[in-house]
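Everything below belongs to target15.pdb, which stores PDB, C-alpha atoms.
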ATOM      1  CA  MET A   1       7.827 -23.851 -28.895
ATOM      2  CA  GLN A   2       8.752 -20.425 -30.239
ATOM      3  CA  ALA A   3       5.124 -19.250 -29.833
ATOM      4  CA  ILE A   4       5.220 -20.176 -26.135
ATOM      5  CA  SER A   5       8.491 -18.270 -25.733
ATOM      6  CA  LEU A   6       6.989 -15.179 -27.381
ATOM      7  CA  LEU A   7       3.893 -15.478 -25.207
ATOM      8  CA  ASN A   8       6.009 -15.700 -22.049
ATOM      9  CA  ASN A   9       8.107 -12.715 -23.147
ATOM     10  CA  SER A  10       4.919 -10.781 -23.856
ATOM     11  CA  LYS A  11       3.530 -11.591 -20.395
ATOM     12  CA  THR A  12       6.832 -10.616 -18.765
ATOM     13  CA  ILE A  13       6.977  -7.292 -20.600
ATOM     14  CA  LYS A  14       3.337  -6.611 -19.713
ATOM     15  CA  SER A  15       3.967  -7.435 -16.034
ATOM     16  CA  ILE A  16       7.069  -5.230 -15.881
ATOM     17  CA  SER A  17       5.175  -2.370 -17.524
ATOM     18  CA  ILE A  18       2.299  -2.732 -15.049
ATOM     19  CA  ILE A  19       4.691  -2.796 -12.082
ATOM     20  CA  ILE A  20       6.497   0.343 -13.281
ATOM     21  CA  PHE A  21       3.160   2.111 -13.808
ATOM     22  CA  GLY A  22       2.142   1.038 -10.283
ATOM     23  CA  THR A  23       5.298   2.522  -8.771
ATOM     24  CA  ALA A  24       4.505   5.788 -10.570
ATOM     25  CA  LEU A  25       1.016   5.765  -9.016
ATOM     26  CA  LEU A  26       2.562   5.191  -5.589
ATOM     27  CA  ALA A  27       5.037   8.041  -6.103
ATOM     28  CA  ILE A  28       2.239  10.419  -7.105
ATOM     29  CA  SER A  29       0.084   9.283  -4.179
ATOM     30  CA  SER A  30       2.940   9.983  -1.750
ATOM     31  CA  LYS A  31       2.925  13.644  -2.788
ATOM     32  CA  ILE A  32      -0.778  14.057  -1.933
ATOM     33  CA  GLN A  33      -0.389  14.606   1.805
ATOM     34  CA  THR A  34      -1.174  16.530   4.941
ATOM     35  CA  PRO A  35       2.070  17.925   6.384
ATOM     36  CA  PHE A  36       0.761  18.506   9.913
ATOM     37  CA  THR A  37       2.106  15.435  11.680
ATOM     38  CA  LEU A  38       5.364  13.512  12.159
ATOM     39  CA  VAL A  39       3.946  10.790   9.906
ATOM     40  CA  PRO A  40       2.244  12.484   6.934
ATOM     41  CA  ALA A  41      -1.199  11.304   5.842
ATOM     42  CA  THR A  42      -0.901  10.462   2.163
ATOM     43  CA  MET A  43      -2.995   8.674  -0.436
ATOM     44  CA  GLN A  44      -0.489   5.831  -0.485
ATOM     45  CA  THR A  45      -2.580   3.386   1.535
ATOM     46  CA  PHE A  46      -5.459   3.952  -0.894
ATOM     47  CA  VAL A  47      -3.192   3.226  -3.874
ATOM     48  CA  VAL A  48      -1.570   0.208  -2.184
ATOM     49  CA  LEU A  49      -5.013  -1.295  -1.527
ATOM     50  CA  PHE A  50      -6.160  -0.365  -5.036
ATOM     51  CA  LEU A  51      -3.089  -1.986  -6.604
ATOM     52  CA  GLY A  52      -3.694  -5.123  -4.568
ATOM     53  CA  MET A  53      -7.292  -5.322  -5.725
ATOM     54  CA  VAL A  54      -6.413  -4.649  -9.371
ATOM     55  CA  LEU A  55      -3.121  -6.499  -9.791
ATOM     56  CA  GLY A  56      -3.527  -9.442  -7.454
ATOM     57  CA  TYR A  57      -1.173 -10.349  -4.661
ATOM     58  CA  LYS A  58       1.963 -11.182  -6.691
ATOM     59  CA  LEU A  59       2.131  -8.136  -8.949
ATOM     60  CA  ALA A  60       0.955  -5.780  -6.195
ATOM     61  CA  ALA A  61       3.631  -6.948  -3.748
ATOM     62  CA  ALA A  62       6.270  -6.778  -6.505
ATOM     63  CA  THR A  63       5.137  -3.239  -7.326
ATOM     64  CA  VAL A  64       5.550  -2.101  -3.728
ATOM     65  CA  MET A  65       8.946  -3.784  -3.458
ATOM     66  CA  LEU A  66      10.186  -2.025  -6.597
ATOM     67  CA  TYR A  67       8.784   1.253  -5.249
ATOM     68  CA  LEU A  68      10.749   0.783  -2.015
ATOM     69  CA  ILE A  69      13.909  -0.014  -3.979
ATOM     70  CA  GLU A  70      13.420   3.098  -6.119
ATOM     71  CA  GLY A  71      13.049   5.249  -3.019
ATOM     72  CA  SER A  72      15.896   3.646  -1.108
ATOM     73  CA  ILE A  73      18.362   4.294  -3.957
ATOM     74  CA  GLY A  74      17.473   7.968  -3.878
ATOM     75  CA  LEU A  75      14.669   8.482  -6.372
ATOM     76  CA  PRO A  76      12.287  11.090  -4.881
ATOM     77  CA  VAL A  77       9.270   8.770  -4.756
ATOM     78  CA  PHE A  78       8.558   8.976  -1.032
ATOM     79  CA  ALA A  79       6.491  11.712   0.609
ATOM     80  CA  LYS A  80       9.468  14.024   1.091
ATOM     81  CA  GLY A  81      12.120  12.653  -1.249
ATOM     82  CA  GLY A  82      14.050   9.439  -1.323
ATOM     83  CA  SER A  83      16.937   7.641   0.351
ATOM     84  CA  ILE A  84      17.595   4.589   2.472
ATOM     85  CA  ALA A  85      17.072   6.848   5.499
ATOM     86  CA  TYR A  86      13.311   6.706   4.878
ATOM     87  CA  LEU A  87      13.278   2.991   5.582
ATOM     88  CA  ILE A  88      14.914   3.527   8.986
ATOM     89  CA  GLY A  89      13.134   6.800   9.770
ATOM     90  CA  PRO A  90       9.725   7.462  11.314
ATOM     91  CA  THR A  91       7.824   6.279   8.215
ATOM     92  CA  GLY A  92       9.963   3.225   7.419
ATOM     93  CA  GLY A  93       7.710   0.728   9.141
ATOM     94  CA  TYR A  94       4.680   1.984   7.232
ATOM     95  CA  LEU A  95       6.571   1.716   3.939
ATOM     96  CA  ILE A  96       7.670  -1.863   4.677
ATOM     97  CA  GLY A  97       4.121  -2.697   5.796
ATOM     98  CA  PHE A  98       2.859  -1.686   2.350
ATOM     99  CA  ILE A  99       4.297  -4.915   0.930
ATOM    100  CA  LEU A 100       2.046  -7.141   3.034
ATOM    101  CA  THR A 101      -0.891  -4.759   2.714
ATOM    102  CA  ALA A 102      -0.694  -5.035  -1.090
ATOM    103  CA  PHE A 103      -0.277  -8.795  -0.794
ATOM    104  CA  PHE A 104      -3.351  -9.256   1.416
ATOM    105  CA  ALA A 105      -5.500  -6.816  -0.575
ATOM    106  CA  GLY A 106      -4.516  -8.783  -3.660
ATOM    107  CA  MET A 107      -6.026 -11.925  -2.213
ATOM    108  CA  ILE A 108      -9.563 -10.555  -2.112
ATOM    109  CA  LYS A 109     -11.855 -12.651  -4.278
ATOM    110  CA  VAL A 110     -13.554 -10.744  -7.094
ATOM    111  CA  LYS A 111     -17.009 -12.062  -6.236
ATOM    112  CA  SER A 112     -16.798 -11.307  -2.510
ATOM    113  CA  ASP A 113     -19.617  -9.650  -0.635
ATOM    114  CA  PRO A 114     -18.961  -5.908  -0.004
ATOM    115  CA  ILE A 115     -18.870  -6.477   3.756
ATOM    116  CA  ILE A 116     -16.189  -9.132   3.302
ATOM    117  CA  ILE A 117     -14.266  -6.769   1.012
ATOM    118  CA  PHE A 118     -14.493  -3.992   3.631
ATOM    119  CA  ILE A 119     -13.267  -6.307   6.404
ATOM    120  CA  TYR A 120     -10.457  -7.644   4.233
ATOM    121  CA  LEU A 121      -9.326  -4.132   3.271
ATOM    122  CA  LEU A 122      -9.487  -3.096   6.921
ATOM    123  CA  PHE A 123      -7.329  -6.073   7.856
ATOM    124  CA  SER A 124      -4.920  -5.318   4.993
ATOM    125  CA  VAL A 125      -4.393  -1.681   5.963
ATOM    126  CA  SER A 126      -4.029  -2.716   9.614
ATOM    127  CA  VAL A 127      -0.845  -4.532   8.633
ATOM    128  CA  THR A 128       0.640  -1.234   7.446
ATOM    129  CA  TYR A 129      -0.237   0.358  10.776
ATOM    130  CA  ILE A 130       1.184  -2.511  12.823
ATOM    131  CA  PHE A 131       4.515  -2.313  10.993
ATOM    132  CA  GLY A 132       4.351   1.479  10.984
ATOM    133  CA  LEU A 133       3.710   1.810  14.697
ATOM    134  CA  LEU A 134       6.463  -0.655  15.544
ATOM    135  CA  GLY A 135       8.903   1.229  13.308
ATOM    136  CA  LEU A 136       7.832   4.574  14.754
ATOM    137  CA  TRP A 137       8.170   3.221  18.286
ATOM    138  CA  ASN A 138      11.684   2.034  17.468
ATOM    139  CA  TYR A 139      12.502   5.444  15.948
ATOM    140  CA  ILE A 140      11.085   7.526  18.812
ATOM    141  CA  GLY A 141      12.287   5.173  21.507
ATOM    142  CA  PHE A 142      10.900   2.288  23.482
ATOM    143  CA  ASP A 143      10.895   4.452  26.594
ATOM    144  CA  LYS A 144       7.609   5.890  25.276
ATOM    145  CA  SER A 145       4.408   3.949  25.854
ATOM    146  CA  PHE A 146       2.702   2.248  22.952
ATOM    147  CA  ASN A 147      -0.285   4.482  23.630
ATOM    148  CA  ASP A 148       1.912   7.559  23.014
ATOM    149  CA  ILE A 149       3.058   6.057  19.711
ATOM    150  CA  PHE A 150      -0.520   5.158  18.735
ATOM    151  CA  LEU A 151      -1.690   8.717  19.411
ATOM    152  CA  VAL A 152       0.944  10.085  17.021
ATOM    153  CA  GLY A 153       1.179   7.342  14.408
ATOM    154  CA  ALA A 154      -2.343   5.974  14.000
ATOM    155  CA  GLN A 155      -5.149   7.847  15.729
ATOM    156  CA  PRO A 156      -4.992  10.971  13.524
ATOM    157  CA  PHE A 157      -5.368   8.797  10.415
ATOM    158  CA  LEU A 158      -8.038   6.277  11.384
ATOM    159  CA  LEU A 159     -11.033   8.212  10.092
ATOM    160  CA  ILE A 160      -9.425   8.946   6.729
ATOM    161  CA  GLU A 161      -8.413   5.280   6.381
ATOM    162  CA  ILE A 162     -12.029   4.235   6.968
ATOM    163  CA  TYR A 163     -13.121   6.652   4.221
ATOM    164  CA  LYS A 164     -10.512   5.270   1.823
ATOM    165  CA  ILE A 165     -11.637   1.716   2.544
ATOM    166  CA  LEU A 166     -15.301   2.666   2.126
ATOM    167  CA  ILE A 167     -14.557   4.264  -1.250
ATOM    168  CA  LEU A 168     -12.694   1.164  -2.427
ATOM    169  CA  THR A 169     -15.463  -1.094  -1.127
ATOM    170  CA  VAL A 170     -18.174   0.883  -2.915
ATOM    171  CA  LEU A 171     -16.104   0.949  -6.113
ATOM    172  CA  SER A 172     -14.888  -2.647  -5.784
ATOM    173  CA  GLY A 173     -17.092  -3.926  -8.610
ATOM    174  CA  GLN A 174     -15.568  -1.357 -10.960
ATOM    175  CA  VAL A 175     -12.062  -1.870  -9.565
ATOM    176  CA  PHE A 176     -12.249  -5.615 -10.141
ATOM    177  CA  LYS A 177     -13.313  -5.027 -13.758
ATOM    178  CA  ILE A 178      -9.875  -3.467 -14.315
ATOM    179  CA  ARG A 179      -8.320  -6.781 -13.223
ATOM    180  CA  LYS A 180      -9.812  -8.470 -16.303
ATOM    181  CA  PHE A 181      -7.661  -6.291 -18.571
ATOM    182  CA  ILE A 182      -4.441  -7.107 -16.746
TER     183      ILE A 182
END

Any chance you could give the structure as structure tokens?
Amino acid sequence: MQAISLLNNSKTIKSISIIIFGTALLAISSKIQTPFTLVPATMQTFVVLFLGMVLGYKLAAATVMLYLIEGSIGLPVFAKGGSIAYLIGPTGGYLIGFILTAFFAGMIKVKSDPIIIFIYLLFSVSVTYIFGLLGLWNYIGFDKSFNDIFLVGAQPFLLIEIYKILILTVLSGQVFKIRKFI
């Protein structure tokens, strides 16, 4: 009985450590950005997808949720700092969308065909953009057309997102090997 308790404590400590390390990766990835648009292009979507693939859906979603909590209480983990204002600002929808993106990316089967992996990652990152565009539309105002919002909040980033997904697809065999150690 005591051995099971120690094993469970060990798993819990390992999971917490992995989640904290994941939030650090997300914080670092938020600082790698292009500052030329209202919504900065960062490496966060790459890391969110990566964490999903490596950690699985539960730990990846928990990692993103902790990351959002860290940022909302003021830790400077978001692209330009940290506060609850980020979750209601122009990037808030994207940040909230990361939770489901990590969740869906975490559901990819290790032995999937690369085309299936690509499609699944594309679907996963699309969730971030759906939430992001809706949040941006709310922030800018519903008097603007959705096309106007799309031109600002998605179109400039589509090509780079495809590259990120291609990189993860090509490296998926290696990425999934990391999952064995976790």

Next item on the list: Take the PyMOL selection byres ((chain A and resi 30) around 7), apply it to the structure above, and return the hits as a PyMOL selection string.
Entry: chain A and resi 26-29+31-33+42-44+78-79

Next item on the list: Rounded to one decimal place, report the CA of Lys109 in chain A-CA of Ile18 in chain A distance in Å.
Entry: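 Atom-to-atom, CA of Lys109 in chain A and CA of Ile18 in chain A are spaced 20.4 Å apart.
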
Next item on the list: In Å, rounded to a single decimal, give me how far CA of Thr34 in chain A is from CA of Leu159 in chain A.
Entry: 13.9 Å

Margin query: Need to verify the contact set: range 123-136 of chain A, 10 Å, only C-alpha atoms, exclusion of same-chain residues closer than 5 positions in sequence. Can you return it as a count of residues only?
Written below: 45

Check: CA of Gln174 in chain A and CA of Ile115 in chain A are how many Å apart?
Finding: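 Straight-line distance from CA of Gln174 in chain A to CA of Ile115 in chain A works out to 15.9 Å.
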
Margin query: Counting only C-alpha atoms, which residue out of A:Lys177, A:Ala85, A:Ala24, A:Ala61 sits closest to Tyr139 in chain A?
Written below: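 The closest residue to Tyr139 in chain A is A:Ala85.
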
Notebook entry, point to check: Which residue out of A:Leu59, A:Ile178, A:Val54, A:Ala41 has the minimum interatomic distance to Ile16 in chain A when only C-alpha atoms are used?
Noted result: A:Leu59

Note to self: What would the selection look like, as a count of residues only, if the PyMOL selection byres ((chain A and resi 68) around 9) were run on the coordinates I just shared?
What the structure shows: 16

Item checked: Residues in the PyMOL selection byres ((chain A and resi 169-172) around 10), expressed as a PyMOL selection string -> chain A and resi 50+53-54+110-121+163-168+173-178

Calculate, to one decimal in Å, the centre and edge lengths of the box along x, y and z of the file that holds all listed atoms of range 96-100 of chain A with 4 Å of margin on each side, and present them as AutoDock Vina command-line options.
--center_x 4.9 --center_y -4.4 --center_z 3.4 --size_x 13.6 --size_y 13.5 --size_z 12.9

Check: Which residue out of A:Leu75, A:Ile84, A:Leu51, A:Leu122 has the minimum interatomic distance to Gly22 in chain A when only C-alpha atoms are used?
Finding: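 Comparing A:Leu75, A:Ile84, A:Leu51, A:Leu122 against Gly22 in chain A, the winner is A:Leu51.
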
Since the input is missing atoms for range 37-60 of chain A, could you rebuild it with N, CA and C atoms and give the result as a short mmCIF file (atom, residue, chain, number, x, y, z; two decimals), in the coordinates of the input?
data_model
loop_
_atom_site.label_atom_id
_atom_site.label_comp_id
_atom_site.auth_asym_id
_atom_site.auth_seq_id
_atom_site.Cartn_x
_atom_site.Cartn_y
_atom_site.Cartn_z
N THR A 37 1.72 16.39 10.66
CA THR A 37 2.11 15.44 11.68
C THR A 37 3.48 14.85 11.35
N LEU A 38 4.07 14.17 12.34
CA LEU A 38 5.36 13.51 12.16
C LEU A 38 5.28 12.49 11.03
N VAL A 39 4.20 11.75 10.97
CA VAL A 39 3.95 10.79 9.91
C VAL A 39 2.88 11.41 9.01
N PRO A 40 3.23 11.82 7.78
CA PRO A 40 2.24 12.48 6.93
C PRO A 40 1.13 11.54 6.48
N ALA A 41 -0.08 12.07 6.40
CA ALA A 41 -1.20 11.30 5.84
C ALA A 41 -1.14 11.49 4.33
N THR A 42 -0.99 10.41 3.62
CA THR A 42 -0.90 10.46 2.16
C THR A 42 -2.00 9.59 1.56
N MET A 43 -2.05 9.55 0.26
CA MET A 43 -3.00 8.67 -0.44
C MET A 43 -2.36 7.32 -0.74
N GLN A 44 -1.19 7.06 -0.18
CA GLN A 44 -0.49 5.83 -0.48
C GLN A 44 -1.25 4.58 -0.06
N THR A 45 -1.86 4.59 1.11
CA THR A 45 -2.58 3.39 1.54
C THR A 45 -3.73 3.09 0.58
N PHE A 46 -4.38 4.13 0.08
CA PHE A 46 -5.46 3.95 -0.89
C PHE A 46 -4.90 3.27 -2.15
N VAL A 47 -3.78 3.78 -2.65
CA VAL A 47 -3.19 3.23 -3.87
C VAL A 47 -2.65 1.82 -3.64
N VAL A 48 -2.07 1.55 -2.49
CA VAL A 48 -1.57 0.21 -2.18
C VAL A 48 -2.74 -0.79 -2.18
N LEU A 49 -3.84 -0.42 -1.53
CA LEU A 49 -5.01 -1.30 -1.53
C LEU A 49 -5.59 -1.45 -2.94
N PHE A 50 -5.66 -0.35 -3.67
CA PHE A 50 -6.16 -0.36 -5.04
C PHE A 50 -5.31 -1.29 -5.90
N LEU A 51 -3.98 -1.14 -5.81
CA LEU A 51 -3.09 -1.99 -6.60
C LEU A 51 -3.27 -3.45 -6.24
N GLY A 52 -3.44 -3.74 -4.97
CA GLY A 52 -3.69 -5.12 -4.57
C GLY A 52 -4.95 -5.67 -5.21
N MET A 53 -6.02 -4.88 -5.15
CA MET A 53 -7.29 -5.32 -5.72
C MET A 53 -7.20 -5.50 -7.24
N VAL A 54 -6.49 -4.63 -7.91
CA VAL A 54 -6.41 -4.65 -9.37
C VAL A 54 -5.39 -5.66 -9.88
N LEU A 55 -4.22 -5.70 -9.26
CA LEU A 55 -3.12 -6.50 -9.79
C LEU A 55 -3.06 -7.92 -9.24
N GLY A 56 -3.69 -8.16 -8.11
CA GLY A 56 -3.53 -9.44 -7.45
C GLY A 56 -2.30 -9.40 -6.56
N TYR A 57 -2.19 -10.41 -5.71
CA TYR A 57 -1.17 -10.35 -4.66
C TYR A 57 0.27 -10.35 -5.17
N LYS A 58 0.57 -11.10 -6.23
CA LYS A 58 1.96 -11.18 -6.69
C LYS A 58 2.44 -9.87 -7.30
N LEU A 59 1.70 -9.37 -8.28
CA LEU A 59 2.13 -8.14 -8.95
C LEU A 59 2.07 -6.94 -8.01
N ALA A 60 1.07 -6.91 -7.13
CA ALA A 60 0.96 -5.78 -6.20
C ALA A 60 2.13 -5.76 -5.23
#
